[in-house]
Amino acid sequence: MDQTERPQTLDYNTSREKLAMPEYGRNVLKMVEQLKAIPDKAKRTEQAYAVVKVMELLNPGVHALDNFEHKLWDHLYMIAGFDLDVDSPYPCPVAEEFATDPVPIPMKGTHIKAFHYGRNIEGIIRLLSEQPDGEVKTEMIRSLAIYMRQQYLIWNKDSVADETIFADIEKLSDYRIKVPEGLSLSKISGDANFSRPGLGINVGQPGQRNRQYKNYKRSFKKK
């Protein structure tokens with residue numbers, strides 16, 4: 001090899017300028033840089049329309065957006081660094097609008113007292129505590145306790161006494177619910193299978209929890 005010939009170095013994307021719109025790739029960025037260098041505005045505008053068409057082909061998902069053509073021109077301006085002098089059908093967007101911090105998603109700030117039961121169970125207990133005492137409320141407590149026992153056994157394979165579930169109900173209600181004396185739960189079948197969510201067993205999965213919660217809420221509204 002000729003000693004005067006220098007070895008080639010690889011040009012990695014990690015060492016290049018960060019793309020403003022990565023979904024269009026670096027080739028589109030090069031096209032935008034070239035059209036910005038065109039001195040004639042009419043020619044520059046013509047090239048801009050061509051680049052927008054290429055962007056549409058590269059990102060077909062943009063068609064799902066309302067007024068997608070406007071979105072494409074906004075993306076073109078963003079790739080150009082909001083510095084593009086062409087006769088566009090849409091005005092150049094304001095760069096500051098894209099530099100603002102995202103609006104934080106409000107999160108439920110209440111602490112879950114018992115994770116193995118979940119937040120929905122606490123919501124059911126809160127609704128149940130507002131119901132008047134009587135036979136209907138007793139049956140609701142029994143049904144809730146049976147469901148809570150299932151959730152308990154999903155995360156703890158050991159057996160659990162009825163009294164433990166009743167104590168949890170009273171504690172989670174801040175003792176606004178008093179489990180009637182003599183209340184007992186049905187016996188668990190010997191072939192019952194309690195599995196954790198995500199293992200292919202419906203018992204205890206989030207979808208069933210939400211349906212159970214909605215069913216309880218509907219039963220309260222009927223009273």
# chains A, B, ... in the order shown; residues from 1 in each chain; ligands from 1
>>> select_by_dssp(residues="stretch 12-196 of chain A", states="alpha helix (DSSP H)", output="JSON, numbers by chain")
{"A": [25, 26, 27, 28, 29, 30, 31, 32, 33, 34, 35, 36, 41, 42, 43, 44, 45, 46, 47, 48, 49, 50, 51, 52, 53, 54, 55, 56, 57, 58, 68, 69, 70, 71, 72, 73, 74, 75, 76, 77, 78, 79, 95, 96, 97, 98, 119, 120, 121, 122, 123, 124, 125, 126, 127, 128, 129, 135, 136, 137, 138, 139, 140, 141, 142, 143, 144, 145, 146, 147, 148, 149, 150, 151, 152, 153, 154, 155, 162, 163, 164, 165, 166, 167, 168, 169, 170, 171, 172]}
>>> closest_residue(among="A:Leu84, A:Val62, A:Met78, A:Leu57", to="A:Phe98", atoms="only C-alpha atoms")
A:Met78
>>> atom_distance(atom1="atom CA of A:Ala42", atom2="atom CA of A:Gly25")
25.6 Å
>>> closest_residue(among="A:Ser184, A:Ser173, A:Gln151, A:Asn27", to="A:Arg126", atoms="only C-alpha atoms")
A:Ser173
>>> closest_residue(among="A:Ala80, A:Val179, A:Ile125, A:Leu185", to="A:Ile146", atoms="only C-alpha atoms")
A:Leu185
>>> closest_residue(among="A:Gly123, A:Pro180, A:Gly134, A:Gly118", to="A:Trp155", atoms="only C-alpha atoms")
A:Gly118
>>> closest_residue(among="A:Asp85, A:Glu170, A:Glu17, A:Asp133", to="A:Lys30", atoms="only C-alpha atoms")
A:Glu17
>>> atom_distance(atom1="atom CA of A:Ile165", atom2="atom CA of A:Tyr152")
8.5 Å
>>> atom_distance(atom1="atom CA of A:Asp174", atom2="atom CA of A:Tyr147")
19.5 Å
>>> closest_residue(among="A:Val86, A:Leu72, A:Leu58, A:Cys92", to="A:Pro39", atoms="only C-alpha atoms")
A:Val86
>>> residues_around(residues="A:Val54", least_positions_apart="5", cutoff="12 Å", atoms="only C-alpha atoms", output="PDB file with N, CA and C atoms, in the first residue's frame")
ATOM      1  N   TYR A  24     -37.339  10.371   8.819  1.00  0.00           N
ATOM      2  CA  TYR A  24     -37.117  10.627   7.393  1.00  0.00           C
ATOM      3  C   TYR A  24     -35.692  10.290   6.953  1.00  0.00           C
ATOM      4  N   GLY A  25     -34.819  10.092   7.883  1.00  0.00           N
ATOM      5  CA  GLY A  25     -33.472   9.682   7.537  1.00  0.00           C
ATOM      6  C   GLY A  25     -32.547  10.836   7.162  1.00  0.00           C
ATOM      7  N   ASN A  27     -30.712  11.092   4.416  1.00  0.00           N
ATOM      8  CA  ASN A  27     -30.726  11.476   2.996  1.00  0.00           C
ATOM      9  C   ASN A  27     -31.687  12.636   2.750  1.00  0.00           C
ATOM     10  N   VAL A  28     -32.814  12.631   3.445  1.00  0.00           N
ATOM     11  CA  VAL A  28     -33.745  13.748   3.310  1.00  0.00           C
ATOM     12  C   VAL A  28     -33.112  15.021   3.859  1.00  0.00           C
ATOM     13  N   LEU A  29     -32.359  14.887   4.939  1.00  0.00           N
ATOM     14  CA  LEU A  29     -31.658  16.052   5.478  1.00  0.00           C
ATOM     15  C   LEU A  29     -30.708  16.637   4.434  1.00  0.00           C
ATOM     16  N   MET A  31     -31.019  16.389   1.215  1.00  0.00           N
ATOM     17  CA  MET A  31     -31.837  17.020   0.176  1.00  0.00           C
ATOM     18  C   MET A  31     -32.281  18.411   0.605  1.00  0.00           C
ATOM     19  N   VAL A  32     -32.652  18.546   1.874  1.00  0.00           N
ATOM     20  CA  VAL A  32     -33.099  19.846   2.386  1.00  0.00           C
ATOM     21  C   VAL A  32     -31.939  20.832   2.387  1.00  0.00           C
ATOM     22  N   GLN A  47     -38.190  22.596  -5.705  1.00  0.00           N
ATOM     23  CA  GLN A  47     -37.472  21.490  -5.082  1.00  0.00           C
ATOM     24  C   GLN A  47     -38.099  21.131  -3.726  1.00  0.00           C
ATOM     25  N   ALA A  48     -38.599  22.122  -3.018  1.00  0.00           N
ATOM     26  CA  ALA A  48     -39.224  21.875  -1.722  1.00  0.00           C
ATOM     27  C   ALA A  48     -40.455  20.984  -1.882  1.00  0.00           C
ATOM     28  N   TYR A  49     -41.264  21.243  -2.922  1.00  0.00           N
ATOM     29  CA  TYR A  49     -42.425  20.398  -3.180  1.00  0.00           C
ATOM     30  C   TYR A  49     -41.987  18.957  -3.474  1.00  0.00           C
ATOM     31  N   ASN A  59     -42.798   8.224   4.770  1.00  0.00           N
ATOM     32  CA  ASN A  59     -43.571   8.167   6.008  1.00  0.00           C
ATOM     33  C   ASN A  59     -45.056   8.064   5.672  1.00  0.00           C
ATOM     34  N   PRO A  60     -45.501   6.921   5.140  1.00  0.00           N
ATOM     35  CA  PRO A  60     -46.909   6.796   4.732  1.00  0.00           C
ATOM     36  C   PRO A  60     -47.880   6.893   5.900  1.00  0.00           C
ATOM     37  N   LEU A  72     -46.619  17.599   6.856  1.00  0.00           N
ATOM     38  CA  LEU A  72     -45.396  17.358   6.092  1.00  0.00           C
ATOM     39  C   LEU A  72     -44.586  18.635   5.902  1.00  0.00           C
ATOM     40  N   TRP A  73     -45.269  19.729   5.613  1.00  0.00           N
ATOM     41  CA  TRP A  73     -44.551  20.998   5.451  1.00  0.00           C
ATOM     42  C   TRP A  73     -43.953  21.457   6.788  1.00  0.00           C
ATOM     43  N   LEU A  76     -40.866  19.552   7.154  1.00  0.00           N
ATOM     44  CA  LEU A  76     -39.818  20.084   6.282  1.00  0.00           C
ATOM     45  C   LEU A  76     -39.136  21.283   6.931  1.00  0.00           C
TER      46      LEU A  76
END
